Amino acid sequence: MSGSNCLVTNDWICGEYLRTRQQELIDATVQHVWITAISVAIGLAVAFPLALLARRGRGFAGTILGMTTILYTVPSLAMFALLLPVFGLSAGLVITGLVLYSLTILVRNILAGLEAVPEDAKEAARGMGYGPARLLWEVELPLALPALLAGVRIATVSTVALTTIGSIVDKGGLGNLIGEGVDTLFKAQVLTASVLCVLLAVVADLLLLVVQRLLTPWTRIRTTRGSRTAGTSRPGSESWA
């Protein structure tokens with residue numbers, strides 16, 4: 001009896017809500033994950049060629065980085081209003097907005113990663129007969145992966161939060177439940193959907209961190225060697241002249 005009373009008393013924590021609305025929560029979570037994953041994937045596909053274009057010179061970099069920064073500062077409601085005539089009240093409206101918001105993070109990180117590739121590594125590859133395309137895919141991109149994946153992690157966590165804005169067109173995943181809960185003052189629904197949104201961001205970040213470690217094993221080796229070198233130093237071990 002006490003379990004069902006939490007719905008009547010409108011408690012923040014309510015086990016009965018979890019039991020009776022389980023399918024609704026699952027559907028909202030699946031939609032949230034789907035919109036987030038598609039948005040980040042498309043954002044990465046768009047950001048990569050933009051980053052390649054941006055590194056051609058300061059003029060290109062300034063223009064592209066400036067444009068993506070301006071897009072990031074546009075309020076979400078204004079962004080959706082501008083995109084509405086093209087996409088209508090659809091998931092495409094939300095996904096396109098999220099892709100545009102992700103570009104400033106992804107382009108900057110990809111560009112930073114490519115520019116951080118040591119010049120001697122590129123010169124060595126050119127000396128071995130590598131052309132521009134082969135140099136990019138076999139030398140520059142692998143060495144830029146840590147920065148690139150760091151950008152993907154930030155963009156993903158950011159997109160998980162921004163996806164909730166899609167509730168204004170009923171395509172916001174867990175944001176739909178949060179919006180409905182706020183409108184009806186349904187405390188359990190607001191808290192549960194909010195907690196699930198935070199958990200999604202944490203889980204996504206941890207999964208991408210695992211992927212980053214698997215794809216960039218040399219960063220772990222370098223860190224381990226650095227730790228061992230530091231561990232061999234002891235106070236008083238320096239030689240005195």
# chains A, B, ... in the order shown; residues from 1 in each chain; ligands from 1
$ residues_around --residues "Val190 in chain A" --least-positions-apart "3" --cutoff "6 Å" --atoms "only C-alpha atoms" --output "list in words"
Ile178, Gly181, Lys187 and Ala193 of chain A
$ closest_atom_pairs --of "range 53-122 of chain A" --to "range 14-37 of chain A" --cutoff "10 Å" --atoms "only C-alpha atoms" --output "tab-separated table"
residue	atom	partner	partner_atom	distance
A:Ala91	CA	A:Ile35	CA	7.7
A:Gly92	CA	A:Ile35	CA	9.2
A:Val94	CA	A:Ile35	CA	8.0
A:Ile95	CA	A:Ile35	CA	6.4
A:Leu98	CA	A:Thr36	CA	8.1
A:Val99	CA	A:Thr36	CA	9.4
$ write_last_selection --atoms "all heavy atoms" --output "PDB file, in the first residue's frame"
ATOM      1  N   ALA A  91      11.995  14.389 -36.297  1.00  0.00           N
ATOM      2  CA  ALA A  91      13.268  14.104 -35.632  1.00  0.00           C
ATOM      3  C   ALA A  91      14.427  14.747 -36.375  1.00  0.00           C
ATOM      4  O   ALA A  91      15.448  15.105 -35.780  1.00  0.00           O
ATOM      5  CB  ALA A  91      13.472  12.591 -35.546  1.00  0.00           C
ATOM      6  N   GLY A  92      14.262  14.924 -37.701  1.00  0.00           N
ATOM      7  CA  GLY A  92      15.301  15.571 -38.492  1.00  0.00           C
ATOM      8  C   GLY A  92      15.577  16.991 -38.030  1.00  0.00           C
ATOM      9  O   GLY A  92      16.719  17.458 -38.095  1.00  0.00           O
ATOM     10  N   VAL A  94      15.398  18.100 -34.896  1.00  0.00           N
ATOM     11  CA  VAL A  94      16.210  18.005 -33.678  1.00  0.00           C
ATOM     12  C   VAL A  94      17.627  17.554 -34.000  1.00  0.00           C
ATOM     13  O   VAL A  94      18.611  18.133 -33.511  1.00  0.00           O
ATOM     14  CB  VAL A  94      15.556  17.025 -32.675  1.00  0.00           C
ATOM     15  CG1 VAL A  94      16.399  16.922 -31.410  1.00  0.00           C
ATOM     16  CG2 VAL A  94      14.141  17.468 -32.340  1.00  0.00           C
ATOM     17  N   ILE A  95      17.766  16.536 -34.848  1.00  0.00           N
ATOM     18  CA  ILE A  95      19.083  16.003 -35.185  1.00  0.00           C
ATOM     19  C   ILE A  95      19.938  17.056 -35.881  1.00  0.00           C
ATOM     20  O   ILE A  95      21.127  17.221 -35.562  1.00  0.00           O
ATOM     21  CB  ILE A  95      18.942  14.746 -36.068  1.00  0.00           C
ATOM     22  CG1 ILE A  95      18.345  13.601 -35.245  1.00  0.00           C
ATOM     23  CG2 ILE A  95      20.288  14.337 -36.657  1.00  0.00           C
ATOM     24  CD1 ILE A  95      17.989  12.368 -36.056  1.00  0.00           C
ATOM     25  N   LEU A  98      21.189  19.558 -33.358  1.00  0.00           N
ATOM     26  CA  LEU A  98      22.241  18.981 -32.516  1.00  0.00           C
ATOM     27  C   LEU A  98      23.558  18.831 -33.284  1.00  0.00           C
ATOM     28  O   LEU A  98      24.635  19.021 -32.718  1.00  0.00           O
ATOM     29  CB  LEU A  98      21.781  17.625 -31.978  1.00  0.00           C
ATOM     30  CG  LEU A  98      20.589  17.652 -31.017  1.00  0.00           C
ATOM     31  CD1 LEU A  98      20.155  16.223 -30.657  1.00  0.00           C
ATOM     32  CD2 LEU A  98      20.932  18.425 -29.760  1.00  0.00           C
ATOM     33  N   VAL A  99      23.474  18.489 -34.562  1.00  0.00           N
ATOM     34  CA  VAL A  99      24.674  18.387 -35.387  1.00  0.00           C
ATOM     35  C   VAL A  99      25.372  19.748 -35.472  1.00  0.00           C
ATOM     36  O   VAL A  99      26.594  19.850 -35.306  1.00  0.00           O
ATOM     37  CB  VAL A  99      24.317  17.891 -36.811  1.00  0.00           C
ATOM     38  CG1 VAL A  99      25.507  18.079 -37.763  1.00  0.00           C
ATOM     39  CG2 VAL A  99      23.908  16.426 -36.776  1.00  0.00           C
TER      40      VAL A  99
END
$ closest_residue --among "A:Thr184, A:Ser102, A:Asn109, A:Thr216" --to "Ser39 in chain A" --atoms "only C-alpha atoms"
A:Ser102
$ closest_residue --among "A:Val160, A:Ser167, A:Pro118, A:Ala125" --to "Leu196 in chain A" --atoms "only C-alpha atoms"
A:Val160
$ closest_residue --among "A:Leu174, A:Leu114, A:Leu83, A:Ile165" --to "Ala54 in chain A" --atoms "only C-alpha atoms"
A:Leu114
$ closest_residue --among "A:Ile42, A:Leu82, A:Val152, A:Val107" --to "Thr69 in chain A" --atoms "only C-alpha atoms"
A:Val107
$ residues_around --residues "Gln212 in chain A" --least-positions-apart "4" --cutoff "7 Å" --atoms "only C-alpha atoms" --output "tab-separated table (two decimals) with N, CA, C and O atoms, in the first residue's frame"
chain	number	residue	atom	x	y	z
A	146	PRO	N	43.76	10.70	-30.08
A	146	PRO	CA	43.45	11.11	-28.71
A	146	PRO	C	42.65	12.41	-28.63
A	146	PRO	O	41.65	12.49	-27.91
A	149	LEU	N	39.06	11.83	-30.29
A	149	LEU	CA	38.13	11.08	-29.44
A	149	LEU	C	37.75	11.87	-28.19
A	149	LEU	O	36.65	11.73	-27.67
A	208	LEU	N	33.03	5.56	-24.34
A	208	LEU	CA	33.94	6.20	-25.30
A	208	LEU	C	35.36	6.26	-24.76
A	208	LEU	O	36.33	6.20	-25.53
A	216	THR	N	44.05	3.82	-28.83
A	216	THR	CA	45.31	4.56	-28.65
A	216	THR	C	46.13	3.93	-27.53
A	216	THR	O	46.40	4.57	-26.51
$ closest_residue --among "A:Val74, A:Gly62, A:Asp170, A:Val211" --to "Arg153 in chain A" --atoms "only C-alpha atoms"
A:Val211
$ residues_around --residues "Val202 in chain A" --least-positions-apart "4" --cutoff "12 Å" --atoms "only C-alpha atoms" --output "JSON, numbers by chain"
{"A": [153, 154, 156, 157, 158, 160, 161, 195, 196, 197, 198, 206, 207, 208, 209]}
$ write_last_selection --atoms "all heavy atoms" --output "short mmCIF file (atom, residue, chain, number, x, y, z; two decimals), in the first residue's frame"
data_model
loop_
_atom_site.label_atom_id
_atom_site.label_comp_id
_atom_site.auth_asym_id
_atom_site.auth_seq_id
_atom_site.Cartn_x
_atom_site.Cartn_y
_atom_site.Cartn_z
N ARG A 153 33.92 12.64 -27.09
CA ARG A 153 33.39 12.44 -25.74
C ARG A 153 32.67 13.68 -25.24
O ARG A 153 31.55 13.61 -24.72
CB ARG A 153 34.51 12.07 -24.78
CG ARG A 153 35.07 10.67 -24.97
CD ARG A 153 36.30 10.44 -24.10
NE ARG A 153 35.98 10.62 -22.68
CZ ARG A 153 36.89 10.75 -21.74
NH1 ARG A 153 38.18 10.77 -22.06
NH2 ARG A 153 36.52 10.88 -20.48
N ILE A 154 33.30 14.84 -25.42
CA ILE A 154 32.68 16.09 -24.97
C ILE A 154 31.40 16.36 -25.75
O ILE A 154 30.37 16.73 -25.16
CB ILE A 154 33.66 17.26 -25.14
CG1 ILE A 154 34.90 17.05 -24.27
CG2 ILE A 154 33.00 18.59 -24.78
CD1 ILE A 154 36.01 18.06 -24.54
N THR A 156 29.46 14.22 -27.22
CA THR A 156 28.43 13.24 -26.87
C THR A 156 27.74 13.61 -25.57
O THR A 156 26.49 13.60 -25.49
CB THR A 156 29.04 11.83 -26.76
OG1 THR A 156 29.63 11.47 -28.00
CG2 THR A 156 27.97 10.81 -26.40
N VAL A 157 28.52 13.93 -24.56
CA VAL A 157 27.92 14.32 -23.27
C VAL A 157 27.07 15.57 -23.44
O VAL A 157 25.96 15.68 -22.88
CB VAL A 157 29.03 14.55 -22.22
CG1 VAL A 157 28.44 15.16 -20.95
CG2 VAL A 157 29.74 13.25 -21.91
N SER A 158 27.57 16.52 -24.22
CA SER A 158 26.82 17.75 -24.47
C SER A 158 25.52 17.46 -25.22
O SER A 158 24.47 18.01 -24.91
CB SER A 158 27.68 18.73 -25.27
OG SER A 158 26.96 19.89 -25.62
N VAL A 160 23.80 14.64 -25.25
CA VAL A 160 22.85 13.95 -24.37
C VAL A 160 22.00 14.97 -23.62
O VAL A 160 20.78 14.81 -23.49
CB VAL A 160 23.59 13.04 -23.36
CG1 VAL A 160 22.63 12.55 -22.26
CG2 VAL A 160 24.21 11.84 -24.07
N ALA A 161 22.64 16.03 -23.15
CA ALA A 161 21.90 17.07 -22.44
C ALA A 161 21.01 17.88 -23.39
O ALA A 161 19.84 18.15 -23.09
CB ALA A 161 22.86 17.98 -21.71
N VAL A 195 17.53 11.82 -13.79
CA VAL A 195 18.58 10.91 -13.35
C VAL A 195 19.01 10.00 -14.50
O VAL A 195 20.20 9.75 -14.71
CB VAL A 195 18.12 10.09 -12.14
CG1 VAL A 195 19.12 8.96 -11.83
CG2 VAL A 195 17.96 10.97 -10.91
N LEU A 196 18.05 9.50 -15.26
CA LEU A 196 18.37 8.64 -16.40
C LEU A 196 19.19 9.41 -17.44
O LEU A 196 20.11 8.84 -18.05
CB LEU A 196 17.08 8.11 -17.04
CG LEU A 196 16.37 6.98 -16.29
CD1 LEU A 196 15.05 6.64 -16.97
CD2 LEU A 196 17.25 5.74 -16.22
N CYS A 197 18.89 10.67 -17.63
CA CYS A 197 19.64 11.49 -18.58
C CYS A 197 21.09 11.64 -18.13
O CYS A 197 22.02 11.51 -18.94
CB CYS A 197 18.98 12.86 -18.70
SG CYS A 197 19.61 13.85 -20.07
N VAL A 198 21.29 11.87 -16.84
CA VAL A 198 22.64 11.98 -16.30
C VAL A 198 23.38 10.65 -16.44
O VAL A 198 24.56 10.61 -16.82
CB VAL A 198 22.60 12.43 -14.83
CG1 VAL A 198 24.00 12.38 -14.21
CG2 VAL A 198 22.03 13.84 -14.71
N LEU A 206 32.00 6.91 -20.37
CA LEU A 206 32.85 5.78 -19.97
C LEU A 206 33.09 4.82 -21.14
O LEU A 206 34.21 4.33 -21.33
CB LEU A 206 32.21 5.04 -18.80
CG LEU A 206 32.19 5.79 -17.46
CD1 LEU A 206 31.43 4.99 -16.41
CD2 LEU A 206 33.60 6.09 -16.98
N LEU A 207 32.04 4.56 -21.92
CA LEU A 207 32.20 3.67 -23.07
C LEU A 207 33.16 4.26 -24.10
O LEU A 207 34.01 3.55 -24.65
CB LEU A 207 30.83 3.41 -23.72
CG LEU A 207 29.86 2.52 -22.94
CD1 LEU A 207 28.52 2.43 -23.67
CD2 LEU A 207 30.44 1.12 -22.76
N LEU A 208 33.03 5.56 -24.34
CA LEU A 208 33.94 6.20 -25.30
C LEU A 208 35.36 6.26 -24.76
O LEU A 208 36.33 6.20 -25.53
CB LEU A 208 33.43 7.61 -25.61
CG LEU A 208 32.18 7.66 -26.49
CD1 LEU A 208 31.64 9.09 -26.58
CD2 LEU A 208 32.48 7.12 -27.89
N LEU A 209 35.50 6.36 -23.45
CA LEU A 209 36.84 6.33 -22.84
C LEU A 209 37.48 4.98 -23.06
O LEU A 209 38.69 4.89 -23.37
CB LEU A 209 36.74 6.64 -21.35
CG LEU A 209 38.06 6.58 -20.56
CD1 LEU A 209 39.06 7.59 -21.12
CD2 LEU A 209 37.81 6.84 -19.08
#
$ residues_around --residues "Tyr72 in chain A" --least-positions-apart "6" --cutoff "8 Å" --atoms "only C-alpha atoms" --output "MDAnalysis selection string"
chainID A and resid 100:102 104
$ closest_residue --among "A:Leu136, A:Arg126, A:Ala147, A:Pro142" --to "Ile110 in chain A" --atoms "only C-alpha atoms"
A:Ala147
$ atom_distance --atom1 "CA of Thr96 in chain A" --atom2 "CA of Thr163 in chain A"
11.1 Å
$ residues_around --residues "Ala144 in chain A" --least-positions-apart "5" --cutoff "9 Å" --atoms "only C-alpha atoms" --output "list in words"
Ile110, Leu111, Ala112, Gly113, Leu114, Glu115, Ala116, Val117, Val139 and Leu149 of chain A
$ write_last_selection --atoms "all heavy atoms" --output "JSON list (two decimals), in the first residue's frame"
[["chain", "number", "residue", "atom", "x", "y", "z"],
["A", 110, "ILE", "N", 39.42, 18.10, -33.68],
["A", 110, "ILE", "CA", 40.06, 17.42, -34.81],
["A", 110, "ILE", "C", 41.21, 18.26, -35.34],
["A", 110, "ILE", "O", 42.31, 17.74, -35.62],
["A", 110, "ILE", "CB", 39.03, 17.15, -35.94],
["A", 110, "ILE", "CG1", 37.96, 16.16, -35.45],
["A", 110, "ILE", "CG2", 39.73, 16.59, -37.17],
["A", 110, "ILE", "CD1", 36.80, 16.00, -36.42],
["A", 111, "LEU", "N", 40.98, 19.55, -35.48],
["A", 111, "LEU", "CA", 42.03, 20.45, -35.98],
["A", 111, "LEU", "C", 43.22, 20.48, -35.02],
["A", 111, "LEU", "O", 44.37, 20.43, -35.45],
["A", 111, "LEU", "CB", 41.45, 21.86, -36.15],
["A", 111, "LEU", "CG", 42.39, 22.92, -36.74],
["A", 111, "LEU", "CD1", 42.87, 22.49, -38.12],
["A", 111, "LEU", "CD2", 41.68, 24.26, -36.81],
["A", 112, "ALA", "N", 42.93, 20.55, -33.73],
["A", 112, "ALA", "CA", 44.01, 20.56, -32.73],
["A", 112, "ALA", "C", 44.82, 19.27, -32.79],
["A", 112, "ALA", "O", 46.06, 19.28, -32.68],
["A", 112, "ALA", "CB", 43.44, 20.76, -31.34],
["A", 113, "GLY", "N", 44.14, 18.15, -32.96],
["A", 113, "GLY", "CA", 44.83, 16.86, -33.04],
["A", 113, "GLY", "C", 45.72, 16.77, -34.26],
["A", 113, "GLY", "O", 46.87, 16.30, -34.19],
["A", 114, "LEU", "N", 45.23, 17.22, -35.41],
["A", 114, "LEU", "CA", 46.02, 17.16, -36.64],
["A", 114, "LEU", "C", 47.22, 18.10, -36.57],
["A", 114, "LEU", "O", 48.31, 17.76, -37.05],
["A", 114, "LEU", "CB", 45.13, 17.53, -37.84],
["A", 114, "LEU", "CG", 44.04, 16.51, -38.20],
["A", 114, "LEU", "CD1", 43.15, 17.08, -39.29],
["A", 114, "LEU", "CD2", 44.64, 15.18, -38.64],
["A", 115, "GLU", "N", 47.03, 19.27, -35.98],
["A", 115, "GLU", "CA", 48.13, 20.23, -35.89],
["A", 115, "GLU", "C", 49.18, 19.80, -34.87],
["A", 115, "GLU", "O", 50.32, 20.27, -34.93],
["A", 115, "GLU", "CB", 47.58, 21.61, -35.53],
["A", 115, "GLU", "CG", 46.77, 22.24, -36.66],
["A", 115, "GLU", "CD", 46.29, 23.63, -36.31],
["A", 115, "GLU", "OE1", 46.26, 23.95, -35.10],
["A", 115, "GLU", "OE2", 45.94, 24.38, -37.23],
["A", 116, "ALA", "N", 48.80, 18.90, -33.95],
["A", 116, "ALA", "CA", 49.75, 18.45, -32.94],
["A", 116, "ALA", "C", 50.63, 17.29, -33.41],
["A", 116, "ALA", "O", 51.55, 16.87, -32.70],
["A", 116, "ALA", "CB", 49.00, 18.03, -31.67],
["A", 117, "VAL", "N", 50.36, 16.77, -34.61],
["A", 117, "VAL", "CA", 51.19, 15.68, -35.14],
["A", 117, "VAL", "C", 52.60, 16.19, -35.36],
["A", 117, "VAL", "O", 52.80, 17.22, -36.02],
["A", 117, "VAL", "CB", 50.60, 15.15, -36.46],
["A", 117, "VAL", "CG1", 51.52, 14.08, -37.07],
["A", 117, "VAL", "CG2", 49.21, 14.58, -36.24],
["A", 139, "VAL", "N", 49.18, 8.14, -40.93],
["A", 139, "VAL", "CA", 50.10, 8.78, -40.00],
["A", 139, "VAL", "C", 49.40, 9.84, -39.16],
["A", 139, "VAL", "O", 49.35, 9.75, -37.92],
["A", 139, "VAL", "CB", 51.30, 9.42, -40.74],
["A", 139, "VAL", "CG1", 52.22, 10.13, -39.74],
["A", 139, "VAL", "CG2", 52.07, 8.37, -41.52],
["A", 149, "LEU", "N", 39.06, 11.83, -30.29],
["A", 149, "LEU", "CA", 38.13, 11.08, -29.44],
["A", 149, "LEU", "C", 37.75, 11.87, -28.19],
["A", 149, "LEU", "O", 36.65, 11.73, -27.67],
["A", 149, "LEU", "CB", 38.75, 9.74, -29.07],
["A", 149, "LEU", "CG", 38.91, 8.75, -30.24],
["A", 149, "LEU", "CD1", 39.64, 7.50, -29.79],
["A", 149, "LEU", "CD2", 37.54, 8.38, -30.80]]
$ select_by_dssp --residues "chain A" --states "helix (DSSP H, G or I)" --output "number ranges by chain"
A: 2-8, 15-20, 22-54, 58-73, 76-87, 91-115, 119-127, 132-169, 174-184, 187-215, 217-232
